[in-house]
Amino acid sequence: MAKNTTTTEEPIEKQLWKAADKLRKNIDAAEYKHIVLGLIFLKYISDAFEELHAKLKAGEGDYASADPEDRDEYRAENVFFVPPSARWSYLQSRAKLPEIGKDVDAAMDAIEKDNASLRGVLPKVFARGNLDPTSLGQLIDLVSNIALGDAKARSADVLGHVYEYFLGEFALAEGKQGGQFYTPKSIVKLLVEMLEPYSGRVLDPCCGSGGMFVQSEKFVIEHQGGLNDLSIYGQESNQTTWRLAKMNLAIRGIDSSQVKWNNEGSFLNDAHKDLKADFIIANPPFNDSDWSGDQLRGDARWQFGEPPTGNANYAWIQHFLYHLSPSGQAGFVLAKGALTSKTSGEGDIRQALVEARLVDCIVNLPGKLFLNTQIPASLWFLSRNRANGKFRNRTDEILFIDARNLGHLINRRTLEFDEEDIAQITETYHNWRNPDGNYEDIAGFCKSATVEEVAKLDYVVTPGRYVGLPEEDDDFDFAERFTTLQKEFAAQLKEENRLNALIQENLAKVEIPIEGKK
């Protein structure tokens, strides 16, 4: 039976996005995202509060004699306390009034005062002149329809999913600037699925809006784990983006107390200096030339060589390694140029990394995956202990995967991986590193190369140098194909001759009058 493709069948997040985008009018996407995402967050914490408030008010079982207005009752359940003037039901009742913008700003202020972890996080942009009260009221009505049902778990799941979807759509709408706070979902999922962070400490020292953390927690839950199995550590230098991350994590119930902001960034002001993480998952800025490298000469993190002051790629790699535990693993995105560059000592650092047996896998990515740049990218996977008992001993090998032919376009300028693409890359890596894996080299796609082979190619780690060209179909019969083409060409020529003869015949029947002749 054919699928019904009417708009009523669209997922709720798409319907909401279309409606919200219509209300945007002349507001820039970069500003509008704080309005919409702020309302979604407010709806989430209000839903969670109202559910617990109702239980406390009923006073049954464990909640007997409880005070529904006691803030400690909510802290004990890890629920944000929402004062009366900030509750969604109150704001919705005032959505049609001209002062609704001031009401929402005041609600955000009141919530921050009652919840220390949210101080300085929530947007207060609702009373600005470019957002008319009518449009804001319509947005409030729109957001009111997101979480149907009162259960906190369902509310968090639905609202969290919508929040995540809207982050992606705003990133697309902003284009280049949007990519600075958002890593495409398919890339995040691929990194997490490759690393399999079942439990432990997860670090992202350039965390953007927190997508790596959200996906890591999803992975754990999908594999029958719990939110407490992972400890999240992050850092972000852009305060506006950090606020998005704090809300993104809070809406998922993820502890963000160790997600820090400072405008100096991870190189100059490392917020987690003593942390040794089990997993590092990151998408640092590509080819960053303004990373204050001249102030960090001789830094303890540069164990494999001084990174050039004009490019932070190899500074990021060594920063990640510095924070890895003795058995830790890292997966991150890097500009493709880092696979081959030899300028300013980068080739020497790469050689040192390979010889130290730290490079586990390199994945070459197709173009158009990232919103903020057309620079080709790759994925790097590093491991501190490649001879451990968890996986097979692959100390003298590196897996190369060329994924440039995977992915599909979602619009004219943006490509993404689907589930099959992610599974193909992930299964290749897992089959290669697992003791019971059934890995095989596939010409044009993957190759397990020895460190000796990499040394012969001067420590260049571009997958295309190792995987070779895809093999032709063994069943291809050249003679048969040539004969078929000859027949097709002859038939085409015969048809063209027939049409030409018919045209000439018809022209001969047409009498063309000559001027002056009667």
# chains A, B, ... in the order shown; residues from 1 in each chain; ligands from 1
call {"tool": "residues_around", "arguments": {"residues": "Lys447 (chain A)", "least_positions_apart": "4", "cutoff": "7 Å", "atoms": "only C-alpha atoms", "output": "NGL selection string"}}
result
:A and (399-401 or 441-442 or 466-467)
call {"tool": "write_last_selection", "arguments": {"atoms": "C-alpha atoms", "output": "PDB file, in the first residue's frame"}}
result
ATOM      1  CA  LEU A 399      42.476   0.754   9.662  1.00  0.00           C
ATOM      2  CA  PHE A 400      41.750   3.075   6.730  1.00  0.00           C
ATOM      3  CA  ILE A 401      38.166   3.620   5.532  1.00  0.00           C
ATOM      4  CA  ASP A 441      39.909  -5.616   3.141  1.00  0.00           C
ATOM      5  CA  ILE A 442      37.547  -4.238   0.476  1.00  0.00           C
ATOM      6  CA  TYR A 466      45.807   2.565   0.996  1.00  0.00           C
ATOM      7  CA  VAL A 467      42.376   1.266  -0.027  1.00  0.00           C
TER       8      VAL A 467
END
call {"tool": "select_by_dssp", "arguments": {"residues": "region 183-374 of chain A", "states": "strand (DSSP E)", "output": "MDAnalysis selection string"}}
result
chainID A and resid 200:204 230:236 259:261 277:282 324:335 359:364
call {"tool": "closest_residue", "arguments": {"among": "A:Leu275, A:Leu52, A:Leu358, A:Ala282", "to": "Tyr322 (chain A)", "atoms": "only C-alpha atoms"}}
result
A:Leu275
call {"tool": "closest_atom_pairs", "arguments": {"of": "region 356-394 of chain A", "to": "region 410-427 of chain A", "cutoff": "9 Å", "atoms": "only C-alpha atoms", "output": "JSON lines"}}
result
{"residue": "A:Val363", "atom": "CA", "partner": "A:Ile425", "partner_atom": "CA", "distance": 8.5}
{"residue": "A:Pro366", "atom": "CA", "partner": "A:Leu415", "partner_atom": "CA", "distance": 8.2}
{"residue": "A:Gly367", "atom": "CA", "partner": "A:Leu415", "partner_atom": "CA", "distance": 7.5}
{"residue": "A:Lys368", "atom": "CA", "partner": "A:Thr414", "partner_atom": "CA", "distance": 5.0}
{"residue": "A:Leu369", "atom": "CA", "partner": "A:Leu415", "partner_atom": "CA", "distance": 4.9}
{"residue": "A:Phe370", "atom": "CA", "partner": "A:Thr414", "partner_atom": "CA", "distance": 7.3}
{"residue": "A:Leu371", "atom": "CA", "partner": "A:Thr414", "partner_atom": "CA", "distance": 7.1}
call {"tool": "closest_residue", "arguments": {"among": "A:Phe279, A:Tyr198, A:Tyr32, A:Phe381", "to": "Gln224 (chain A)", "atoms": "only C-alpha atoms"}}
result
A:Tyr198
call {"tool": "atom_distance", "arguments": {"atom1": "CA of Ser93 (chain A)", "atom2": "CA of Glu169 (chain A)"}}
result
28.9 Å
call {"tool": "atom_distance", "arguments": {"atom1": "CA of Leu339 (chain A)", "atom2": "CA of Glu397 (chain A)"}}
result
16.6 Å
call {"tool": "decode", "arguments": {"residues": "region 330-476 of chain A", "atoms": "C-alpha atoms", "output": "mmCIF file, in the first residue's frame"}}
result
data_model
loop_
_atom_site.group_PDB
_atom_site.id
_atom_site.type_symbol
_atom_site.label_atom_id
_atom_site.label_comp_id
_atom_site.auth_asym_id
_atom_site.auth_seq_id
_atom_site.Cartn_x
_atom_site.Cartn_y
_atom_site.Cartn_z
ATOM 1 C CA ALA A 330 39.198 9.430 21.212
ATOM 2 C CA GLY A 331 37.120 10.030 18.105
ATOM 3 C CA PHE A 332 37.050 13.458 16.476
ATOM 4 C CA VAL A 333 36.581 15.406 13.261
ATOM 5 C CA LEU A 334 39.544 17.135 11.639
ATOM 6 C CA ALA A 335 40.211 18.958 8.395
ATOM 7 C CA LYS A 336 41.411 16.539 5.722
ATOM 8 C CA GLY A 337 44.613 18.530 5.226
ATOM 9 C CA ALA A 338 45.889 17.182 8.558
ATOM 10 C CA LEU A 339 46.214 13.738 6.921
ATOM 11 C CA THR A 340 49.031 14.911 4.637
ATOM 12 C CA SER A 341 50.352 18.271 5.875
ATOM 13 C CA LYS A 342 54.102 18.607 6.438
ATOM 14 C CA THR A 343 54.276 22.345 7.065
ATOM 15 C CA SER A 344 55.697 23.755 10.310
ATOM 16 C CA GLY A 345 56.497 20.323 11.739
ATOM 17 C CA GLU A 346 53.028 18.798 11.353
ATOM 18 C CA GLY A 347 54.428 15.856 9.390
ATOM 19 C CA ASP A 348 56.876 15.125 12.213
ATOM 20 C CA ILE A 349 54.079 15.166 14.805
ATOM 21 C CA ARG A 350 51.986 12.820 12.674
ATOM 22 C CA GLN A 351 54.948 10.463 12.303
ATOM 23 C CA ALA A 352 55.447 10.487 16.077
ATOM 24 C CA LEU A 353 51.755 9.655 16.624
ATOM 25 C CA VAL A 354 51.919 6.727 14.192
ATOM 26 C CA GLU A 355 55.172 5.403 15.634
ATOM 27 C CA ALA A 356 53.748 5.660 19.155
ATOM 28 C CA ARG A 357 50.983 3.281 17.959
ATOM 29 C CA LEU A 358 48.223 5.726 18.934
ATOM 30 C CA VAL A 359 46.374 6.002 15.603
ATOM 31 C CA ASP A 360 43.681 3.328 15.404
ATOM 32 C CA CYS A 361 41.495 4.288 12.450
ATOM 33 C CA ILE A 362 41.107 7.061 9.864
ATOM 34 C CA VAL A 363 37.851 7.644 7.964
ATOM 35 C CA ASN A 364 37.774 9.853 4.870
ATOM 36 C CA LEU A 365 34.460 11.731 4.648
ATOM 37 C CA PRO A 366 32.543 13.018 1.603
ATOM 38 C CA GLY A 367 32.110 16.750 1.006
ATOM 39 C CA LYS A 368 29.039 18.835 1.928
ATOM 40 C CA LEU A 369 28.575 17.191 5.340
ATOM 41 C CA PHE A 370 29.275 20.329 7.366
ATOM 42 C CA LEU A 371 27.218 23.518 7.358
ATOM 43 C CA ASN A 372 29.981 25.956 8.200
ATOM 44 C CA THR A 373 32.692 24.927 5.767
ATOM 45 C CA GLN A 374 33.395 23.323 2.417
ATOM 46 C CA ILE A 375 36.795 22.131 3.687
ATOM 47 C CA PRO A 376 37.036 18.326 3.227
ATOM 48 C CA ALA A 377 37.032 16.478 6.549
ATOM 49 C CA SER A 378 38.087 13.192 8.097
ATOM 50 C CA LEU A 379 37.502 11.269 11.299
ATOM 51 C CA TRP A 380 40.397 10.215 13.528
ATOM 52 C CA PHE A 381 40.215 7.470 16.141
ATOM 53 C CA LEU A 382 43.030 7.246 18.676
ATOM 54 C CA SER A 383 43.566 4.698 21.447
ATOM 55 C CA ARG A 384 46.015 4.793 24.336
ATOM 56 C CA ASN A 385 46.173 1.015 24.699
ATOM 57 C CA ARG A 386 45.707 -0.922 21.476
ATOM 58 C CA ALA A 387 46.976 -4.161 22.976
ATOM 59 C CA ASN A 388 44.396 -4.350 25.767
ATOM 60 C CA GLY A 389 42.232 -7.373 26.481
ATOM 61 C CA LYS A 390 38.961 -5.666 25.550
ATOM 62 C CA PHE A 391 39.805 -5.746 21.834
ATOM 63 C CA ARG A 392 42.363 -7.687 19.828
ATOM 64 C CA ASN A 393 45.996 -6.576 19.717
ATOM 65 C CA ARG A 394 46.224 -4.284 16.664
ATOM 66 C CA THR A 395 49.298 -2.358 17.817
ATOM 67 C CA ASP A 396 51.108 -2.473 14.469
ATOM 68 C CA GLU A 397 48.052 -1.862 12.276
ATOM 69 C CA ILE A 398 45.890 1.095 11.266
ATOM 70 C CA LEU A 399 42.476 0.754 9.662
ATOM 71 C CA PHE A 400 41.750 3.075 6.730
ATOM 72 C CA ILE A 401 38.166 3.620 5.532
ATOM 73 C CA ASP A 402 37.277 5.694 2.473
ATOM 74 C CA ALA A 403 33.634 6.763 2.882
ATOM 75 C CA ARG A 404 33.621 9.458 0.207
ATOM 76 C CA ASN A 405 31.058 7.586 -1.900
ATOM 77 C CA LEU A 406 28.546 7.223 0.940
ATOM 78 C CA GLY A 407 25.797 9.632 2.015
ATOM 79 C CA HIS A 408 22.899 11.341 0.232
ATOM 80 C CA LEU A 409 21.876 14.958 -0.376
ATOM 81 C CA ILE A 410 19.133 16.425 1.817
ATOM 82 C CA ASN A 411 19.228 19.707 -0.111
ATOM 83 C CA ARG A 412 21.431 21.254 -2.809
ATOM 84 C CA ARG A 413 24.336 21.990 -0.485
ATOM 85 C CA THR A 414 24.074 19.483 2.365
ATOM 86 C CA LEU A 415 24.861 15.770 2.521
ATOM 87 C CA GLU A 416 24.173 13.342 5.362
ATOM 88 C CA PHE A 417 24.774 9.689 6.223
ATOM 89 C CA ASP A 418 21.764 7.422 6.640
ATOM 90 C CA GLU A 419 21.534 4.481 9.051
ATOM 91 C CA GLU A 420 22.945 2.047 6.470
ATOM 92 C CA ASP A 421 25.995 4.252 5.865
ATOM 93 C CA ILE A 422 26.655 4.554 9.602
ATOM 94 C CA ALA A 423 26.227 0.802 10.076
ATOM 95 C CA GLN A 424 28.592 -0.009 7.178
ATOM 96 C CA ILE A 425 31.415 2.145 8.549
ATOM 97 C CA THR A 426 30.831 1.126 12.170
ATOM 98 C CA GLU A 427 30.640 -2.604 11.478
ATOM 99 C CA THR A 428 33.822 -2.442 9.413
ATOM 100 C CA TYR A 429 35.681 -0.859 12.331
ATOM 101 C CA HIS A 430 34.231 -3.199 14.950
ATOM 102 C CA ASN A 431 34.903 -6.314 12.868
ATOM 103 C CA TRP A 432 38.493 -5.141 12.474
ATOM 104 C CA ARG A 433 39.195 -4.437 16.155
ATOM 105 C CA ASN A 434 37.074 -7.155 17.823
ATOM 106 C CA PRO A 435 38.730 -10.523 18.579
ATOM 107 C CA ASP A 436 35.888 -12.435 16.954
ATOM 108 C CA GLY A 437 35.366 -10.023 14.034
ATOM 109 C CA ASN A 438 35.226 -11.210 10.423
ATOM 110 C CA TYR A 439 37.047 -8.278 8.856
ATOM 111 C CA GLU A 440 38.266 -8.329 5.235
ATOM 112 C CA ASP A 441 39.909 -5.616 3.141
ATOM 113 C CA ILE A 442 37.547 -4.238 0.476
ATOM 114 C CA ALA A 443 39.242 -2.583 -2.486
ATOM 115 C CA GLY A 444 38.169 1.038 -2.743
ATOM 116 C CA PHE A 445 36.616 1.091 0.740
ATOM 117 C CA CYS A 446 38.777 -0.268 3.571
ATOM 118 C CA LYS A 447 42.307 -1.516 4.199
ATOM 119 C CA SER A 448 44.133 -2.701 7.321
ATOM 120 C CA ALA A 449 47.653 -1.369 6.779
ATOM 121 C CA THR A 450 50.751 -2.028 8.850
ATOM 122 C CA VAL A 451 52.739 0.776 10.430
ATOM 123 C CA GLU A 452 55.562 -0.282 8.107
ATOM 124 C CA GLU A 453 53.349 0.370 5.073
ATOM 125 C CA VAL A 454 52.444 3.799 6.450
ATOM 126 C CA ALA A 455 56.130 4.562 6.978
ATOM 127 C CA LYS A 456 56.840 3.698 3.328
ATOM 128 C CA LEU A 457 54.281 6.339 2.298
ATOM 129 C CA ASP A 458 56.071 8.910 4.454
ATOM 130 C CA TYR A 459 53.430 8.763 7.206
ATOM 131 C CA VAL A 460 50.673 10.206 5.044
ATOM 132 C CA VAL A 461 47.397 8.804 6.434
ATOM 133 C CA THR A 462 44.924 9.558 3.635
ATOM 134 C CA PRO A 463 42.718 6.444 3.269
ATOM 135 C CA GLY A 464 42.697 6.722 -0.532
ATOM 136 C CA ARG A 465 46.439 5.985 -0.569
ATOM 137 C CA TYR A 466 45.807 2.565 0.996
ATOM 138 C CA VAL A 467 42.376 1.266 -0.027
ATOM 139 C CA GLY A 468 43.085 1.411 -3.776
ATOM 140 C CA LEU A 469 40.407 1.352 -6.471
ATOM 141 C CA PRO A 470 37.224 -0.716 -6.249
ATOM 142 C CA GLU A 471 37.385 -3.993 -8.113
ATOM 143 C CA GLU A 472 35.323 -4.335 -11.288
ATOM 144 C CA ASP A 473 32.457 -6.812 -11.373
ATOM 145 C CA ASP A 474 34.001 -10.222 -12.095
ATOM 146 C CA ASP A 475 30.959 -11.164 -14.183
ATOM 147 C CA PHE A 476 31.496 -8.315 -16.648
#
